[in-house]
Structures are given as structure tokens and as C-alpha cells.
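Novice: Before we start, here is the structure in question, set down as C-alpha cells.
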Amino acid sequence: MTSDRKGEGAPGQAGPEPVPTPEPNGSGSVPGQAGPTPVLRLEAVRKTFGRTVVLRDVDLEVAPHTVTALIGASGSGKSTLLRCANLLEEVDDGAIFLDGEEITDPRVDPDAVRRRIGVVFQAYNLFPHMTVLDNITLAPRRVHGEPRARAEERARELLERLGLGGKAGEYPDRLSGGQQQRVAIVRALAGRPRLLLLDEITAALDPELVGEVLGVVRDLKEEGMTMVLATHEMGFARDVADQVCFLDGGVVLERGTAAEVFGDPREERTRRFLRRLVEAGRL
Ligand SMILES: Nc1ncnc2c1ncn2[C@@H]1O[C@H](COP(=O)(O)OP(=O)(O)O)[C@@H](O)[C@H]1O
Ligand SMILES: [Mg+2]
């Protein structure tokens with residue numbers, strides 16, 4: 001059995017209506033459902049690698065301007081879920097929707113979908129032979145066809161906002177891990193994504209550098225960016241997430257608000273997972 005507390009007040013559905021902002025497809029909503037069209041929706045997604053079922057019947061809804069945290073043990077399927085959402089992995093069954101459009105439809109161009117989604121991984125994957133500015137503007141210029149001047153203007157503006165104003169001309173190896181990861185976030189934002197997927201973006205960082213990267217994610221949330229993040233930073237997930245999903249063996253075993261999942265987990269396996277983190281001093 002899985003616990004789903006959506007009926008008790010899913011993120012974005014409680015409290016007063018947020019100030020309306022223009023959304024692509026914003027006027028449409030899923031039939032039979034209150035609230036705006038989810039930015040991302042997974043419907044009974046199944047993913048296998050050979051004979052291993054990695055995601056089984058995963059449903060997920062991410063409302064505009066909300067943060068969803070995926071938590072769960074290593075191997076529970078968090079990265080695979082994010083990779084499926086970005087069409088880096090093909091699903092075996094089910095469907096994925098971005099702004100109400102089915103992106104798992106074989107007629108959809110995956111590159112066009114990926115241009116609407118920003119992704120940041122654990123490893124920053126910056127090109128070492130290119131400056132920060134060139135790393136950031138490469139995709140906007142090559143993939144989005146933006147003129148260099150405009151791409152660079154936006155890159156500099158984002159660098160400034162993320163506290164990297166002086167670093168445009170630097171090479172990645174001259175930056176700290178935290179700075180490199182912030183550059184990777186700028187790179188993901190450069191294409192004005194509709195959705196940001198963040199996979200354990202602080203896992204490779206020295207502890208003293210984690211805070212500056214999480215601070216950026218907090219700021220992006222304040223600005224209304226819609227995000228799905230896989231994280232082991234439970235304190236951060238508890239603070240920042242509107243929705244928390246606990247994955248266990250490829251199933252979303254439990255979901256709810258951060259207060260529900262962390263404060264009063266329903267499932268024994270969730271309780272055990274959280275207890276182990278407390279024992280390890282990580283929560
Ligand atoms: N490319 C792959 N080929 C085979 N198995 C994979 C592949 N990617 C992930 N897996 C398996 O899928 C399961 C879920 O992995 P993953 O999504 O990386 O979990 P998490 O991010 O929660 O640690 C694991 O058992 C992992 O070994
Ligand atoms: Mg992972």
C-alpha cells in the first residue's frame with residue numbers, strides 16, 4: 001500500500017489562490033481536477049533495465065512554482081525518475097506530460113522537450129577548456145540559436161544573481177566546487193527552462209560548500225521556479241519542499257507535505273528510513 005495524502009491538501013491547493021502569473025497553457029487544467037495544469041505529470045510510469053523494474057506505476061504531479069523533493073535510499077529510483085522526465089531514458093509504460101502536453105508521445109521531438117527543462121547533476125560536467133561564460137552560452141547559442149551578445153548578456157545577468165559576477169572569464173578549475181555547481185545551475189537557467197530537475201547537486205561538495213548551492217535553490221524557489229530535486233539533504237528538503245515523495249524500490253511509497261512525511265510518516269519503511277538518518281546525525 002502507498003500513502004497518498006493529496007486529498008488532504010496537495011501543494012498549491014491549500015490557502016488563498018496565488019497571484020496569477022501567465023503560464024503557457026495556463027488556462028487549461030486537467031479535467032476533474034482543481035488548480036492549474038501541473039508543469040510535470042507522470043502517469044503510471046514504468047521503467048525497467050533488463051529484468052529489473054526500476055520504476056513501477058509512478059504517478060507524480062508537480063504544480064507550477066512548487067518544489068518537489070524525491071527522497072529515498074540509494075537505488076530507489078530517484079535519478080531514473082528525473083532522467084525519464086527529461087527523456088534521457090525511455091519509459092516502458094505510462095505517460096509523462098509537460099505543461100499538459102504528452103512528451104512521451106513518440107511524435108514529440110525529445111530535443112525540443114529538453115530545451116524546456118533545465119537539469120543539474122551531481123557532477124557539474126563543465127567543459128574544462130572553456131570559460132565560465134562559454135560554458136553557459138554554448139547551448140543557448142548552438143541549440144537555441146541565440147545571438148552571442150544576447151546569450152552573453154543573459155549569462156552575465158544570471159552569474160551576477162548567483163553571486164558569480166566576477167567569474168565570467170575564469171576556467172572551471174579555478175573555481176571551488178560550490179562555484180562550479182552554481183555555474184552549472186546558471187547554465188541550466190540560461191535556456192529559460194519551464195522546469196528545473198536537480199539530481200543530488202550537493203552530493204559531491206565539501207560540507208562547507210553545500211550551503212551556498214542550497215541557498216541558490218532557495219532563491220530560485222522564491223522567484224517561483226518549478227523544481228524537482230533528488231536529495232539526501234533532508235533538513236533542506238524539509239525546509240524548501242512543498243511536496244515530498246519517498247521512493248522505495250521504484251514505488252512512491254509515501255507522499256505529502258514536508259511536515260507530513262518528515263513529521264508524521266505513515267509507512268513503516270518511511271519511518272525506518274528517517275530513523276536511520278536521525279541515527280546517522282543527518283536529520
Ligand atoms: N543504466 C542502467 N542500467 C541498469 N540498471 C540501472 C541503470 N540505471 C539505474 N539502474 C538501476 O536502477 C535502480 C535505481 O537507480 P537510480 O535511479 O540511480 O536510484 P537512486 O538515484 O535513487 O539512487 C538501481 O537498482 C540501479 O542499479
Ligand atoms: Mg541517484
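Ordering of the C-alpha cells sets the chain letters (A, B, ...); residue numbers start at 1 within each chain; ligands are numbered from 1 in the order shown.
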With only C-alpha atoms as the counted atoms, please give the residues lying no more than 10 Å from Arg182 (chain A), apart from itself and same-chain residues fewer than 5 positions off, as a PyMOL selection string.

Specialist: chain A and resi 120+124+159+162-164+176-177+187-188+201+212-214+216-217

Novice: Please provide as JSON, numbers by chain all residues within 12 Å of Ala184 (chain A), with the sequence filter that same-chain residues fewer than 5 positions apart are discarded (counting only C-alpha atoms).

Specialist: {"A": [118, 119, 120, 121, 122, 123, 124, 125, 126, 127, 132, 133, 134, 135, 136, 137, 155, 158, 159, 162, 164, 172, 175, 177, 178, 179, 189, 190, 196, 198, 201, 202, 213, 216]}

Novice: Hey, which residues come within 7 Å of ligand 2 if we count only C-alpha atoms and all ligand atoms? Could you give them as an MDAnalysis selection string?

Specialist: chainID A and resid 74:75 77:79 199:200

Novice: Could you save those same residues with C-alpha atoms as a tab-separated table (two decimals), in the first residue's frame?

Specialist:
```
chain	number	residue	atom	x	y	z
A	74	SER	CA	20.30	4.81	-2.89
A	75	GLY	CA	18.92	2.71	-5.74
A	77	GLY	CA	14.85	5.14	-8.47
A	78	LYS	CA	15.20	8.90	-7.90
A	79	SER	CA	17.72	9.53	-10.67
A	199	ASP	CA	19.86	15.40	-9.01
A	200	GLU	CA	21.87	15.32	-5.77
```

Novice: Identify, counting only C-alpha atoms and all ligand atoms, the protein, DNA and RNA residues located within 8 Å of ligand 1, and give them as a PDB file with C-alpha atoms, in the first residue's frame.

Specialist:
```
ATOM      1  CA  THR A  48      12.873  -1.439 -16.486  1.00  0.00           C
ATOM      2  CA  PHE A  49      16.523  -2.141 -17.104  1.00  0.00           C
ATOM      3  CA  GLY A  50      16.659  -5.664 -18.440  1.00  0.00           C
ATOM      4  CA  THR A  52      14.975  -5.114 -13.156  1.00  0.00           C
ATOM      5  CA  VAL A  53      11.901  -2.986 -12.619  1.00  0.00           C
ATOM      6  CA  VAL A  54      13.259   0.380 -11.528  1.00  0.00           C
ATOM      7  CA  LEU A  55      10.053   2.451 -11.571  1.00  0.00           C
ATOM      8  CA  ILE A  71      13.911  11.188  -1.069  1.00  0.00           C
ATOM      9  CA  GLY A  72      14.759   7.544  -0.533  1.00  0.00           C
ATOM     10  CA  ALA A  73      17.646   5.156  -0.240  1.00  0.00           C
ATOM     11  CA  SER A  74      20.297   4.808  -2.892  1.00  0.00           C
ATOM     12  CA  GLY A  75      18.921   2.709  -5.743  1.00  0.00           C
ATOM     13  CA  SER A  76      15.279   3.567  -5.024  1.00  0.00           C
ATOM     14  CA  GLY A  77      14.846   5.139  -8.465  1.00  0.00           C
ATOM     15  CA  LYS A  78      15.203   8.900  -7.897  1.00  0.00           C
ATOM     16  CA  SER A  79      17.716   9.525 -10.673  1.00  0.00           C
ATOM     17  CA  THR A  80      15.861   7.284 -13.074  1.00  0.00           C
ATOM     18  CA  LEU A  81      12.661   9.221 -12.441  1.00  0.00           C
ATOM     19  CA  ASP A 199      19.860  15.401  -9.006  1.00  0.00           C
ATOM     20  CA  ALA A 230      16.518  14.329  -5.589  1.00  0.00           C
ATOM     21  CA  LEU A 247      10.697   6.347  -3.095  1.00  0.00           C
ATOM     22  CA  GLY A 249      12.097   0.086  -4.651  1.00  0.00           C
ATOM     23  CA  GLY A 250      10.809   2.141  -7.568  1.00  0.00           C
TER      24      GLY A 250
END
```

Novice: I need the strand (DSSP E) residues of region 14-261 of chain A per DSSP on the backbone, written as an MDAnalysis selection string.

Specialist: chainID A and resid 40:49 52:62 67:71 93:98 101:102 117:120 195:199 227:230 243:248 251:256

Novice: Could you give me, as a VMD selection string, each residue of region 202-279 of chain A that DSSP assigns to helix (DSSP H, G or I) when run on this structure's backbone?

Specialist: chain A and resid 207 to 222 234 to 240 258 to 263 268 to 279

Novice: Quick one: write out the picked residues with N, CA and C atoms as a CSV table (one decimal), in the first residue's frame?

Specialist:
```
chain,number,residue,atom,x,y,z
A,207,PRO,N,31.4,19.7,2.7
A,207,PRO,CA,30.3,20.2,3.5
A,207,PRO,C,30.2,21.7,3.6
A,208,GLU,N,31.3,22.4,3.7
A,208,GLU,CA,31.2,23.8,3.9
A,208,GLU,C,30.8,24.6,2.6
A,209,LEU,N,30.7,23.8,1.5
A,209,LEU,CA,30.2,24.5,0.2
A,209,LEU,C,28.8,24.1,-0.1
A,210,VAL,N,28.2,23.2,0.7
A,210,VAL,CA,26.8,22.8,0.4
A,210,VAL,C,25.8,24.0,0.5
A,211,GLY,N,26.1,24.8,1.6
A,211,GLY,CA,25.1,25.9,1.9
A,211,GLY,C,24.9,26.9,0.8
A,212,GLU,N,26.0,27.2,0.1
A,212,GLU,CA,25.9,28.3,-0.9
A,212,GLU,C,25.1,27.8,-2.1
A,213,VAL,N,25.2,26.5,-2.4
A,213,VAL,CA,24.4,25.9,-3.5
A,213,VAL,C,22.9,25.8,-3.1
A,214,LEU,N,22.7,25.3,-1.9
A,214,LEU,CA,21.3,25.2,-1.5
A,214,LEU,C,20.7,26.6,-1.4
A,215,GLY,N,21.5,27.6,-1.0
A,215,GLY,CA,21.0,28.9,-0.9
A,215,GLY,C,20.4,29.4,-2.3
A,216,VAL,N,21.1,29.0,-3.3
A,216,VAL,CA,20.7,29.4,-4.7
A,216,VAL,C,19.4,28.7,-5.0
A,217,VAL,N,19.2,27.5,-4.6
A,217,VAL,CA,17.9,26.7,-4.8
A,217,VAL,C,16.8,27.4,-4.1
A,218,ARG,N,17.1,27.9,-2.9
A,218,ARG,CA,16.1,28.6,-2.1
A,218,ARG,C,15.7,29.9,-2.8
A,219,ASP,N,16.7,30.6,-3.3
A,219,ASP,CA,16.4,31.9,-4.0
A,219,ASP,C,15.5,31.6,-5.3
A,220,LEU,N,15.8,30.5,-6.0
A,220,LEU,CA,15.1,30.2,-7.2
A,220,LEU,C,13.6,29.8,-6.8
A,221,LYS,N,13.5,29.2,-5.7
A,221,LYS,CA,12.1,28.9,-5.2
A,221,LYS,C,11.4,30.2,-4.9
A,222,GLU,N,12.0,31.1,-4.3
A,222,GLU,CA,11.4,32.5,-4.0
A,222,GLU,C,11.0,33.1,-5.3
A,234,MET,N,18.2,16.2,4.0
A,234,MET,CA,16.8,16.1,4.5
A,234,MET,C,16.4,17.4,5.2
A,235,GLY,N,17.3,18.1,5.9
A,235,GLY,CA,16.9,19.3,6.5
A,235,GLY,C,16.5,20.3,5.5
A,236,PHE,N,17.2,20.3,4.4
A,236,PHE,CA,16.9,21.2,3.3
A,236,PHE,C,15.5,20.9,2.6
A,237,ALA,N,15.3,19.6,2.4
A,237,ALA,CA,14.1,19.1,1.8
A,237,ALA,C,12.9,19.5,2.7
A,238,ARG,N,13.1,19.4,4.0
A,238,ARG,CA,12.0,19.7,4.9
A,238,ARG,C,11.7,21.2,4.9
A,239,ASP,N,12.8,22.0,4.7
A,239,ASP,CA,12.6,23.5,4.6
A,239,ASP,C,11.9,23.9,3.4
A,240,VAL,N,12.4,23.4,2.3
A,240,VAL,CA,12.1,24.0,1.0
A,240,VAL,C,11.0,23.3,0.2
A,258,ALA,N,6.1,18.4,3.4
A,258,ALA,CA,7.3,18.1,4.2
A,258,ALA,C,6.9,17.8,5.7
A,259,ALA,N,5.9,18.6,6.2
A,259,ALA,CA,5.5,18.3,7.6
A,259,ALA,C,4.9,17.0,7.8
A,260,GLU,N,4.2,16.5,6.8
A,260,GLU,CA,3.5,15.2,6.9
A,260,GLU,C,4.6,14.1,6.8
A,261,VAL,N,5.4,14.1,5.8
A,261,VAL,CA,6.3,13.0,5.6
A,261,VAL,C,7.4,13.0,6.6
A,262,PHE,N,7.9,14.1,7.0
A,262,PHE,CA,9.0,14.1,8.0
A,262,PHE,C,8.5,14.1,9.4
A,263,GLY,N,7.4,14.7,9.6
A,263,GLY,CA,6.8,14.9,11.0
A,263,GLY,C,6.0,13.7,11.4
A,268,GLU,N,5.8,2.3,7.6
A,268,GLU,CA,6.8,1.8,8.5
A,268,GLU,C,8.2,2.0,7.8
A,269,ARG,N,8.2,1.8,6.5
A,269,ARG,CA,9.5,1.9,5.7
A,269,ARG,C,10.0,3.4,5.7
A,270,THR,N,9.1,4.3,5.6
A,270,THR,CA,9.5,5.7,5.7
A,270,THR,C,10.0,6.0,7.0
A,271,ARG,N,9.4,5.5,8.1
A,271,ARG,CA,9.8,5.8,9.4
A,271,ARG,C,11.2,5.2,9.7
A,272,ARG,N,11.4,4.0,9.1
A,272,ARG,CA,12.7,3.4,9.3
A,272,ARG,C,13.8,4.2,8.6
A,273,PHE,N,13.5,4.6,7.3
A,273,PHE,CA,14.5,5.4,6.6
A,273,PHE,C,14.8,6.7,7.3
A,274,LEU,N,13.8,7.4,7.8
A,274,LEU,CA,14.1,8.6,8.6
A,274,LEU,C,14.8,8.4,9.9
A,275,ARG,N,14.5,7.2,10.5
A,275,ARG,CA,15.1,6.9,11.8
A,275,ARG,C,16.6,6.7,11.6
A,276,ARG,N,16.9,6.0,10.5
A,276,ARG,CA,18.4,5.7,10.2
A,276,ARG,C,19.1,7.0,9.9
A,277,LEU,N,18.4,8.0,9.3
A,277,LEU,CA,19.1,9.3,9.1
A,277,LEU,C,19.3,10.0,10.4
A,278,VAL,N,18.3,10.0,11.2
A,278,VAL,CA,18.5,10.6,12.6
A,278,VAL,C,19.7,10.0,13.3
A,279,GLU,N,19.7,8.6,13.3
A,279,GLU,CA,20.8,8.0,13.9
A,279,GLU,C,22.2,8.3,13.4
```

Novice: Report, in Å with one decimal, the straight-line distance from CA of Thr68 (chain A) to CA of Met227 (chain A).

Specialist: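 So the two atoms, CA of Thr68 (chain A) and CA of Met227 (chain A), lie 6.3 Å apart.
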
Novice: Quick check, in Å to one decimal: how far apart do CA of Arg107 (chain A) and CA of Glu43 (chain A) lie?

Specialist: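 Going from CA of Arg107 (chain A) over to CA of Glu43 (chain A), I get 18.2 Å.
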
Novice: How many Å separate CA of Cys84 (chain A) from CA of Gly256 (chain A)?

Specialist: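 These two atoms are separated by 21.9 Å.
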
Novice: Do you know which residues are at most 12 Å from Thr226 (chain A) counting only C-alpha atoms, after dropping those on the same chain fewer than 2 positions away, and could you put them as JSON, numbers by chain?

Specialist: {"A": [12, 23, 38, 39, 40, 61, 62, 63, 64, 65, 66, 67, 68, 69, 98, 99, 116, 117, 118, 189, 192, 193, 194, 195, 196, 197, 198, 217, 218, 219, 220, 221, 222, 223, 224, 228, 229, 240, 241, 242, 243]}

Novice: Just the residues within 9 Å of Pro140 (chain A), please, counting only C-alpha atoms, with nothing from its chain fewer than 4 positions along; format it as a ChimeraX atom specification.

Specialist: /A:136,144-148,151,190-191

Novice: Write out the residues from the selection above, keeping C-alpha atoms, as a compact mmCIF listing (two decimals), in the first residue's frame.

Specialist:
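Listed below is the output, selection-v5.txt:
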```txt
# COMPACT_ATOMS: atom_id res chain seq x y z
CA ILE A 136 26.94 28.87 -20.12
CA HIS A 144 18.53 27.74 -29.12
CA GLY A 145 20.18 29.77 -31.90
CA GLU A 146 20.53 32.86 -29.75
CA PRO A 147 22.89 35.60 -30.93
CA ARG A 148 26.10 35.64 -28.90
CA ALA A 151 23.26 34.93 -24.73
CA ALA A 190 20.29 30.07 -19.40
CA GLY A 191 17.67 28.47 -21.63
```
